[in-house]
Amino acid sequence: MLIVLAVLFAVSLAAPLMYSWWGRSTFYVLAGVLTGAFIWGLAHIPYVVEAEQSAPLGTADGPPGEVFEWIPQLGVELAFRMDALSLVLSLLISGVGALVMLYCARYFAPRETTAGAFAAQLFAFAAAMLGLVLSDDLVMLFIFWELTTILSFLLIGYSAHRIFARRSAIQALIVTTFGGLAMLVGLLWIGQLAGSYRLSEILAHPELSGTAVDLAVVLILIGAISKSALVPFHFWLPAAMAAPTPVSAYLHAAAMVKAGVYLVARFAPGFHDTTYWFGLTVLLGLATMLIGAYRALRQTDIKLVLAYGTVSQLGFLIMVNGLGTRDAALAGIAMLLAHGLFKAALFMIVGIIDHKTGTRDLRTLSGIGCNQRPLLIVAIIATASMAGLPPLFGFVAKEVVFESFYGYAEVNGSLGWAVMAGVILASALTVGYSARFLWGAFATKRHPAGHENAGQPLPVTEFHGKPDAVFLAAPAILAAGTLLFAVLPLPIEHLVEPFAELFQPADPDIAPTYLALWHGFTPVLGLSVLTWALGAAAFWLLGRRGAPGLVPKEVDAERAYRYSIRTLDDFAGWVTSKTQRGSLGWYLFIIVAVATATPAGVIAFTGHTVPEHIILAEEPMQVVLAAVIIAGGLGAVWAPKRFMAVLMVSLCGWGIAGQFALQGAPDLALTLLLVESIILVVFVLALRTLPAGIWTQNAARQKIGRALLGAAFGLVVMIAVAISMDRRTAEPVSVEYPWMSYEIGHGANIVNVTLVDIRVWDTFGEITVLAAAATGVASLIFVKRRDVQRRALHEVPTGSVGRVLSDKALSPRQAKEVQVARSFATVAREAWLVAGRTLAPEHRSIVFEVVTRLMFHAIILLSVYLLLAGHNTPGGGFAGGLLAGLAFVLRYLAGGRYELEAAIPFSAGALMGWGLAVACFTGVLPLFAGGQAFQSFIVDLDLPVLGEHHLVSSVLFDVGVYLVVVGLIVDVLRSLGSEIDVRSEQESRASSGTGHGVHSQTSLGVAR
């Protein structure tokens, strides 16, 4: 089964390519593939019919099944099962699907550009529906369920240029997704209560009961009634008729809307006795049947007549499949098959009429039956089957439905008879709208009273070309099926009987019903005759003119939906206006306030207590560092300048790094120390772009409020962590890390081995996020590409960078100071830094340049040491990369942007890209050796001079991390440093008006 589904999805992916080759002939290929799936289903009939529904899955006597492990920790499996119910639906989905594909080969124009995507989506929908009915795992069932929702959204919105199609697609998506999410909660709830997510196991032992089960079943049924368009969700299905006719013929007659019916039928054996089942299936189905049938009598669009008729009959199907008796189960599946046959055929007939005449308005269609006899014959057969007339399969199925409701009424008294009366009335209305459809599409109409030609026949509606045999073949085959199964219903009964045997009869003293064209002169036959008579009267009185509206518009379900969506939009707009003010401080306030109030509320209302034994400090130095951290926090609040505030925040970080070091976590301490140092520089660079007076705009009361909120957040987090640690019941996973690091990861540094081996997927995701974040920052700063070619450094004029005023514009005092600085900066023949002479002399610091020249290479070597030694000692790719980044920070601060370019003349994006590539390579390489992704291996070398060495492959992953971190820091320096330097100098020159005589930076190429 899994192979069949995989093949179907693969074909759907290839459909657009096939369409580009073969055009609409691709639909013949797709029809052939679905025909193969139909034959595959037929081949399973002998095995399914002989199987017992209660037999264990996968045994010789049980239904065919397949189980593959997927998420064993959660009990989720790729489990598929072919029982009688699944087989019937599989045959309906694949058989009708093949005919719809055949129909599409003539419905679309020879080279319609968008039909390739349509073919892929429609075929993928067929595969998703097959997966849904074959799934024996609750989670898999939901996944396929949502796939059908997404694909139906795409198919309904096929005509995306039409606002009505877009609106209808969104409406269907919202309604069915709402039901799907409710169903997901119910499925997971049932799975937890049953102790298994396997459907066959849950239904084989239906001992579940209680309020929890009742509520879970209600949630599942909400998904079913929303998918099958029952009241109050019935409005989305008629609106979905904006989709092309093949979509209506398949999704809304034979496939998608049947998903809710299937769900009811699937859960009925185990849960039809729950508290709310009867009300949500039988009573709600009856209301839907009556409302849909009556509204079908009011429509003037023949496609909408069928649409509301579909709503009515979906209520009928939900009713009978939810009744929970043996006769109802047999009748429900038979009616489901009959409905799929005649309704798909009728939608195809509507498509032919619309395709050939350009209209579906029954008020203008006239005389088609006289000129299109083959189409009329097919329509009469399908319509008569919909009305439940003999000798058609619709009549056979309706008879057993009436038998099941009649038996139920005899057992349950007044309630049962009331339901029976409602079914009779709705069935009569079905006969009425069936006649309205046939009359509206094919009959010769006359001009209404008041017209100048009143009483005269309307002009005959012309067909633009006669429908060919291929176009008419699909509905004709479906109509022939309704005739064939009426005469030979026994194969259908044998196929459905194993499923029906799962239910108890309504009355054990009454013989079970059976599928047959003739049951004799019975009360049920009399009821059928009554429905035909009432239906004829309904058509004569209401069907020809259109039934009047009986329900006020104020209680219309679609109006309620639109009002709800509009109210939700207004509320969202109000919330957005209150929270999204464009103020970063306000955003942070909301985030921190919610992060404080939520856990505080949980702690307060769940009765948690803080542990009694709390150690404030283990040694005096921790108290000192705590005081430093608190002082840094208070200093950040009351700092008179923003640079001082940033420095105080960094002081907090350094203090926390010290706490890590005292707690025996040197790796964390080293990494945090380097991170805080880098962040301090980045903050300072970023602050240069903010207005100078922004820091003084905050009132004292705002600072106090923010300080109190920050303190409350820290306190709540401390309490939550303390409570969590005190409530631990399971053994921490970290207990296994020491031996795993040494024996499996071949390293003595647990932190580094965890990052590059045990939890390497987390680290790989983190460096990917780092690269994405750097790209985002660069894209906000750079207008042009950040990796454009720069000119050589010897082309940079000496002493120009940072110059704003020319020598002539300086005052005598300023000119003397500049001359002193220039003579000091040009004493040595060779500059201490490569690009040192590019700086204006007044901006140079020889001491800084000397220190940078002495320290840079030593820092780089130390970073490489941390990289290579981190597997066994403190260090690693993160720490090494951060330290190397600090070295480049020194070069930038000492020599400016050209010095940074000279220090690392590579693209930062390329560095990050190569880092990710190296990390990917270490993950893929073990696969070629038969291992798992990112599996580490060790190579022992005995070198003559260097001695024994143990090389671990995960160190190569650390190299990738190193390159990504270095690239990130360089990218930030070029973004927030070099680029802003250029813009600041240009703005200064523009404001001073002395741009002439000073070298233009824009002509040099920026060190990006």
# chains A, B, ... in the order shown; residues from 1 in each chain; ligands from 1
>>> residues_around(residues="Glu558 of chain A", least_positions_apart="2", cutoff="9 Å", atoms="only C-alpha atoms", output="ChimeraX atom specification")
/A:232-236,555-556,560-563
>>> residues_around(residues="Phe499 of chain A", least_positions_apart="3", cutoff="6 Å", atoms="only C-alpha atoms", output="MDAnalysis selection string")
chainID A and resid 84 496 502
>>> atom_distance(atom1="atom CA of Val411 of chain A", atom2="atom CA of Leu392 of chain A")
29.6 Å
>>> residues_around(residues="segment 100-112 of chain A", least_positions_apart="3", cutoff="6 Å", atoms="only C-alpha atoms", output="list in words")
Gly23, Arg24, Phe27, Tyr28, Ala31, Gly97, Ala115, Phe471 and Ala474 of chain A
>>> residues_around(residues="segment 125-135 of chain A", least_positions_apart="5", cutoff="7 Å", atoms="only C-alpha atoms", output="MDAnalysis selection string")
chainID A and resid 5 8:9 79:82 86 89:90 93 97 140:141 144:145 147:148 151 255
>>> write_last_selection(atoms="N, CA and C atoms", output="PDB file, in the first residue's frame")
ATOM      1  N   LEU A   5       0.902   4.277  -2.814  1.00  0.00           N
ATOM      2  CA  LEU A   5       0.763   5.694  -2.495  1.00  0.00           C
ATOM      3  C   LEU A   5       1.982   6.484  -2.949  1.00  0.00           C
ATOM      4  N   LEU A   8       1.784   7.024  -6.656  1.00  0.00           N
ATOM      5  CA  LEU A   8       0.776   8.022  -7.022  1.00  0.00           C
ATOM      6  C   LEU A   8       1.275   9.439  -6.761  1.00  0.00           C
ATOM      7  N   PHE A   9       1.917   9.652  -5.625  1.00  0.00           N
ATOM      8  CA  PHE A   9       2.443  10.984  -5.333  1.00  0.00           C
ATOM      9  C   PHE A   9       3.585  11.339  -6.280  1.00  0.00           C
ATOM     10  N   ALA A  79       1.105   3.063   9.280  1.00  0.00           N
ATOM     11  CA  ALA A  79       0.262   1.869   9.333  1.00  0.00           C
ATOM     12  C   ALA A  79      -0.884   2.019   8.330  1.00  0.00           C
ATOM     13  N   PHE A  80      -1.041   1.026   7.473  1.00  0.00           N
ATOM     14  CA  PHE A  80      -2.097   1.031   6.467  1.00  0.00           C
ATOM     15  C   PHE A  80      -2.862  -0.282   6.558  1.00  0.00           C
ATOM     16  N   ARG A  81      -4.163  -0.206   6.257  1.00  0.00           N
ATOM     17  CA  ARG A  81      -5.024  -1.364   6.425  1.00  0.00           C
ATOM     18  C   ARG A  81      -6.139  -1.344   5.384  1.00  0.00           C
ATOM     19  N   MET A  82      -6.348  -2.490   4.745  1.00  0.00           N
ATOM     20  CA  MET A  82      -7.376  -2.606   3.710  1.00  0.00           C
ATOM     21  C   MET A  82      -8.482  -3.520   4.216  1.00  0.00           C
ATOM     22  N   SER A  86     -12.469   0.435   3.779  1.00  0.00           N
ATOM     23  CA  SER A  86     -11.377   1.064   3.029  1.00  0.00           C
ATOM     24  C   SER A  86     -11.403   0.644   1.568  1.00  0.00           C
ATOM     25  N   LEU A  89     -14.224   2.495  -0.419  1.00  0.00           N
ATOM     26  CA  LEU A  89     -13.843   3.882  -0.690  1.00  0.00           C
ATOM     27  C   LEU A  89     -12.689   3.959  -1.672  1.00  0.00           C
ATOM     28  N   SER A  90     -11.733   3.026  -1.572  1.00  0.00           N
ATOM     29  CA  SER A  90     -10.602   3.028  -2.508  1.00  0.00           C
ATOM     30  C   SER A  90     -11.072   2.818  -3.941  1.00  0.00           C
ATOM     31  N   ILE A  93     -12.799   6.060  -5.073  1.00  0.00           N
ATOM     32  CA  ILE A  93     -11.851   7.148  -5.312  1.00  0.00           C
ATOM     33  C   ILE A  93     -11.061   6.921  -6.595  1.00  0.00           C
ATOM     34  N   GLY A  97     -12.055   8.712 -10.008  1.00  0.00           N
ATOM     35  CA  GLY A  97     -10.912   9.562 -10.347  1.00  0.00           C
ATOM     36  C   GLY A  97     -10.399   9.311 -11.744  1.00  0.00           C
ATOM     37  N   MET A 140      -1.415   9.519  10.977  1.00  0.00           N
ATOM     38  CA  MET A 140      -1.354   9.445   9.528  1.00  0.00           C
ATOM     39  C   MET A 140      -2.693   9.842   8.902  1.00  0.00           C
ATOM     40  N   LEU A 141      -3.779   9.421   9.521  1.00  0.00           N
ATOM     41  CA  LEU A 141      -5.105   9.802   9.024  1.00  0.00           C
ATOM     42  C   LEU A 141      -5.246  11.316   9.004  1.00  0.00           C
ATOM     43  N   PHE A 144      -3.094  12.946   6.092  1.00  0.00           N
ATOM     44  CA  PHE A 144      -3.752  12.856   4.786  1.00  0.00           C
ATOM     45  C   PHE A 144      -5.009  13.725   4.751  1.00  0.00           C
ATOM     46  N   TRP A 145      -5.692  13.824   5.865  1.00  0.00           N
ATOM     47  CA  TRP A 145      -6.892  14.673   5.960  1.00  0.00           C
ATOM     48  C   TRP A 145      -6.532  16.121   5.624  1.00  0.00           C
ATOM     49  N   LEU A 147      -3.878  17.127   4.020  1.00  0.00           N
ATOM     50  CA  LEU A 147      -3.433  17.207   2.619  1.00  0.00           C
ATOM     51  C   LEU A 147      -4.620  17.445   1.688  1.00  0.00           C
ATOM     52  N   THR A 148      -5.720  16.748   1.938  1.00  0.00           N
ATOM     53  CA  THR A 148      -6.911  16.972   1.113  1.00  0.00           C
ATOM     54  C   THR A 148      -7.439  18.391   1.285  1.00  0.00           C
ATOM     55  N   LEU A 151      -5.019  20.719  -0.763  1.00  0.00           N
ATOM     56  CA  LEU A 151      -5.191  20.525  -2.208  1.00  0.00           C
ATOM     57  C   LEU A 151      -6.555  21.013  -2.682  1.00  0.00           C
ATOM     58  N   ALA A 255     -15.251  12.309  -3.568  1.00  0.00           N
ATOM     59  CA  ALA A 255     -14.014  12.168  -2.798  1.00  0.00           C
ATOM     60  C   ALA A 255     -14.003  13.002  -1.514  1.00  0.00           C
TER      61      ALA A 255
END
>>> select_by_dssp(residues="segment 241-282 of chain A", states="helix (DSSP H, G or I)", output="tab-separated table (two decimals) with N, CA and C atoms, in the first residue's frame")
chain	number	residue	atom	x	y	z
A	241	MET	N	-18.35	25.75	-5.66
A	241	MET	CA	-18.66	25.47	-7.06
A	241	MET	C	-17.97	26.46	-7.99
A	242	ALA	N	-17.23	27.43	-7.43
A	242	ALA	CA	-16.40	28.29	-8.26
A	242	ALA	C	-15.28	27.51	-8.92
A	245	THR	N	-15.49	22.30	-13.24
A	245	THR	CA	-16.44	21.18	-13.11
A	245	THR	C	-15.77	19.86	-12.73
A	246	PRO	N	-14.57	19.50	-13.25
A	246	PRO	CA	-13.94	18.25	-12.81
A	246	PRO	C	-13.70	18.22	-11.30
A	247	VAL	N	-13.41	19.38	-10.72
A	247	VAL	CA	-13.22	19.44	-9.27
A	247	VAL	C	-14.53	19.13	-8.56
A	248	SER	N	-15.61	19.73	-9.03
A	248	SER	CA	-16.91	19.46	-8.42
A	248	SER	C	-17.30	18.01	-8.58
A	249	ALA	N	-17.03	17.45	-9.76
A	249	ALA	CA	-17.40	16.06	-10.01
A	249	ALA	C	-16.62	15.09	-9.15
A	250	TYR	N	-15.42	15.47	-8.74
A	250	TYR	CA	-14.58	14.55	-7.98
A	250	TYR	C	-14.57	14.90	-6.50
A	258	LYS	N	-16.75	13.06	0.97
A	258	LYS	CA	-16.98	11.72	1.51
A	258	LYS	C	-16.04	11.41	2.67
A	259	ALA	N	-15.01	12.26	2.87
A	259	ALA	CA	-14.07	12.01	3.97
A	259	ALA	C	-14.79	12.07	5.31
A	260	GLY	N	-15.70	13.05	5.48
A	260	GLY	CA	-16.45	13.12	6.73
A	260	GLY	C	-17.37	11.94	6.91
A	261	VAL	N	-18.01	11.49	5.81
A	261	VAL	CA	-18.87	10.31	5.87
A	261	VAL	C	-18.03	9.08	6.25
A	262	TYR	N	-16.86	8.97	5.64
A	262	TYR	CA	-15.96	7.86	5.97
A	262	TYR	C	-15.58	7.88	7.44
A	263	LEU	N	-15.28	9.07	7.97
A	263	LEU	CA	-14.86	9.15	9.37
A	263	LEU	C	-15.99	8.70	10.30
A	264	VAL	N	-17.22	9.12	10.00
A	264	VAL	CA	-18.37	8.69	10.80
A	264	VAL	C	-18.53	7.17	10.72
A	265	ALA	N	-18.46	6.63	9.50
A	265	ALA	CA	-18.60	5.18	9.34
A	265	ALA	C	-17.48	4.43	10.03
A	266	ARG	N	-16.28	4.98	9.99
A	266	ARG	CA	-15.13	4.30	10.61
A	266	ARG	C	-15.26	4.22	12.12
A	267	PHE	N	-15.73	5.30	12.75
A	267	PHE	CA	-15.80	5.32	14.22
A	267	PHE	C	-17.14	4.81	14.75
A	268	ALA	N	-18.11	4.64	13.87
A	268	ALA	CA	-19.43	4.21	14.33
A	268	ALA	C	-19.42	2.87	15.07
A	269	PRO	N	-18.66	1.84	14.64
A	269	PRO	CA	-18.71	0.57	15.37
A	269	PRO	C	-18.33	0.67	16.83
A	270	GLY	N	-17.43	1.57	17.16
A	270	GLY	CA	-16.98	1.64	18.55
A	270	GLY	C	-17.60	2.74	19.37
A	271	PHE	N	-18.17	3.77	18.73
A	271	PHE	CA	-18.55	4.96	19.49
A	271	PHE	C	-19.95	5.47	19.18
A	277	TRP	N	-23.35	11.37	20.11
A	277	TRP	CA	-23.24	10.85	18.75
A	277	TRP	C	-24.54	11.02	17.97
A	278	PHE	N	-25.66	10.64	18.56
A	278	PHE	CA	-26.94	10.68	17.85
A	278	PHE	C	-27.29	12.10	17.43
A	279	GLY	N	-27.10	13.04	18.33
A	279	GLY	CA	-27.47	14.43	18.01
A	279	GLY	C	-26.62	15.01	16.90
A	280	LEU	N	-25.32	14.69	16.90
A	280	LEU	CA	-24.42	15.28	15.91
A	280	LEU	C	-24.47	14.58	14.56
A	281	THR	N	-24.93	13.35	14.51
A	281	THR	CA	-24.99	12.64	13.24
A	281	THR	C	-26.42	12.57	12.70
A	282	VAL	N	-27.32	12.00	13.46
A	282	VAL	CA	-28.68	11.79	12.95
A	282	VAL	C	-29.47	13.09	12.91
>>> residues_around(residues="segment 708-723 of chain A", least_positions_apart="2", cutoff="9 Å", atoms="only C-alpha atoms", output="ChimeraX atom specification")
/A:589,592-593,595-597,599-600,603,608-611,614,703-706,725-728
>>> write_last_selection(atoms="N, CA and C atoms", output="PDB file, in the first residue's frame")
ATOM      1  N   PHE A 589       8.673  45.605  26.109  1.00  0.00           N
ATOM      2  CA  PHE A 589       7.833  45.610  27.309  1.00  0.00           C
ATOM      3  C   PHE A 589       6.761  44.525  27.228  1.00  0.00           C
ATOM      4  N   VAL A 592       8.421  40.941  27.486  1.00  0.00           N
ATOM      5  CA  VAL A 592       8.884  40.612  28.836  1.00  0.00           C
ATOM      6  C   VAL A 592       7.702  40.510  29.795  1.00  0.00           C
ATOM      7  N   ALA A 593       6.690  41.372  29.621  1.00  0.00           N
ATOM      8  CA  ALA A 593       5.525  41.318  30.507  1.00  0.00           C
ATOM      9  C   ALA A 593       4.791  39.986  30.363  1.00  0.00           C
ATOM     10  N   ALA A 595       6.109  37.188  29.187  1.00  0.00           N
ATOM     11  CA  ALA A 595       7.013  36.144  29.681  1.00  0.00           C
ATOM     12  C   ALA A 595       7.103  36.125  31.196  1.00  0.00           C
ATOM     13  N   THR A 596       6.711  37.219  31.829  1.00  0.00           N
ATOM     14  CA  THR A 596       6.685  37.264  33.296  1.00  0.00           C
ATOM     15  C   THR A 596       5.347  36.812  33.847  1.00  0.00           C
ATOM     16  N   ALA A 597       4.274  37.324  33.267  1.00  0.00           N
ATOM     17  CA  ALA A 597       2.939  37.033  33.797  1.00  0.00           C
ATOM     18  C   ALA A 597       2.523  35.589  33.581  1.00  0.00           C
ATOM     19  N   PRO A 599       4.285  32.510  33.279  1.00  0.00           N
ATOM     20  CA  PRO A 599       4.770  31.522  34.271  1.00  0.00           C
ATOM     21  C   PRO A 599       4.404  31.885  35.706  1.00  0.00           C
ATOM     22  N   ALA A 600       4.304  33.186  35.991  1.00  0.00           N
ATOM     23  CA  ALA A 600       3.903  33.583  37.343  1.00  0.00           C
ATOM     24  C   ALA A 600       2.481  33.123  37.631  1.00  0.00           C
ATOM     25  N   ILE A 603       2.501  29.352  38.206  1.00  0.00           N
ATOM     26  CA  ILE A 603       3.037  29.029  39.535  1.00  0.00           C
ATOM     27  C   ILE A 603       2.021  29.363  40.621  1.00  0.00           C
ATOM     28  N   HIS A 608       2.308  25.374  43.280  1.00  0.00           N
ATOM     29  CA  HIS A 608       3.719  25.035  43.426  1.00  0.00           C
ATOM     30  C   HIS A 608       4.332  25.846  44.562  1.00  0.00           C
ATOM     31  N   THR A 609       5.261  25.249  45.225  1.00  0.00           N
ATOM     32  CA  THR A 609       5.990  25.921  46.307  1.00  0.00           C
ATOM     33  C   THR A 609       7.465  25.923  45.984  1.00  0.00           C
ATOM     34  N   VAL A 610       8.131  26.966  46.441  1.00  0.00           N
ATOM     35  CA  VAL A 610       9.570  27.072  46.215  1.00  0.00           C
ATOM     36  C   VAL A 610      10.282  26.070  47.126  1.00  0.00           C
ATOM     37  N   PRO A 611      11.317  25.385  46.632  1.00  0.00           N
ATOM     38  CA  PRO A 611      12.047  24.422  47.474  1.00  0.00           C
ATOM     39  C   PRO A 611      12.545  25.076  48.759  1.00  0.00           C
ATOM     40  N   ILE A 614      17.644  26.121  49.707  1.00  0.00           N
ATOM     41  CA  ILE A 614      18.232  26.890  48.618  1.00  0.00           C
ATOM     42  C   ILE A 614      19.618  27.367  49.063  1.00  0.00           C
ATOM     43  N   LYS A 703      11.964  54.518  33.336  1.00  0.00           N
ATOM     44  CA  LYS A 703      13.131  53.707  33.700  1.00  0.00           C
ATOM     45  C   LYS A 703      12.851  52.872  34.940  1.00  0.00           C
ATOM     46  N   ILE A 704      12.162  53.464  35.907  1.00  0.00           N
ATOM     47  CA  ILE A 704      11.848  52.709  37.125  1.00  0.00           C
ATOM     48  C   ILE A 704      10.902  51.554  36.792  1.00  0.00           C
ATOM     49  N   GLY A 705       9.891  51.823  35.963  1.00  0.00           N
ATOM     50  CA  GLY A 705       8.955  50.766  35.589  1.00  0.00           C
ATOM     51  C   GLY A 705       9.641  49.628  34.858  1.00  0.00           C
ATOM     52  N   ARG A 706      10.522  49.967  33.940  1.00  0.00           N
ATOM     53  CA  ARG A 706      11.233  48.933  33.198  1.00  0.00           C
ATOM     54  C   ARG A 706      12.176  48.153  34.100  1.00  0.00           C
ATOM     55  N   MET A 725      13.595  22.144  38.827  1.00  0.00           N
ATOM     56  CA  MET A 725      14.667  21.253  39.285  1.00  0.00           C
ATOM     57  C   MET A 725      14.232  20.437  40.497  1.00  0.00           C
ATOM     58  N   ASP A 726      13.412  21.047  41.351  1.00  0.00           N
ATOM     59  CA  ASP A 726      12.971  20.336  42.546  1.00  0.00           C
ATOM     60  C   ASP A 726      11.932  19.267  42.228  1.00  0.00           C
ATOM     61  N   ARG A 727      11.194  19.435  41.105  1.00  0.00           N
ATOM     62  CA  ARG A 727      10.139  18.486  40.748  1.00  0.00           C
ATOM     63  C   ARG A 727      10.608  17.399  39.790  1.00  0.00           C
ATOM     64  N   ARG A 728      11.876  17.344  39.514  1.00  0.00           N
ATOM     65  CA  ARG A 728      12.364  16.335  38.567  1.00  0.00           C
ATOM     66  C   ARG A 728      12.107  14.932  39.114  1.00  0.00           C
TER      67      ARG A 728
END
>>> atom_distance(atom1="atom CA of Gly394 of chain A", atom2="atom CA of Gly332 of chain A")
11.8 Å
>>> residues_around(residues="Lys445 of chain A", least_positions_apart="6", cutoff="10 Å", atoms="only C-alpha atoms", output="JSON, numbers by chain")
{"A": [362, 363, 364, 365, 366, 367, 439, 455, 456, 457, 458, 459, 460]}
>>> residues_around(residues="segment 924-934 of chain A", least_positions_apart="3", cutoff="8 Å", atoms="only C-alpha atoms", output="list in words")
Asp757, Val760, Cys920, Phe921 and Ser954 of chain A
>>> closest_residue(among="A:Cys652, A:Leu483, A:Leu215, A:Ile222", to="Gly633 of chain A", atoms="only C-alpha atoms")
A:Cys652
>>> select_by_dssp(residues="segment 9-178 of chain A", states="strand (DSSP E)", output="PyMOL selection string")
chain A and resi 65-71+76-81
>>> closest_residue(among="A:Asp137, A:Leu17, A:Ala172, A:Ala160", to="Ile202 of chain A", atoms="only C-alpha atoms")
A:Asp137
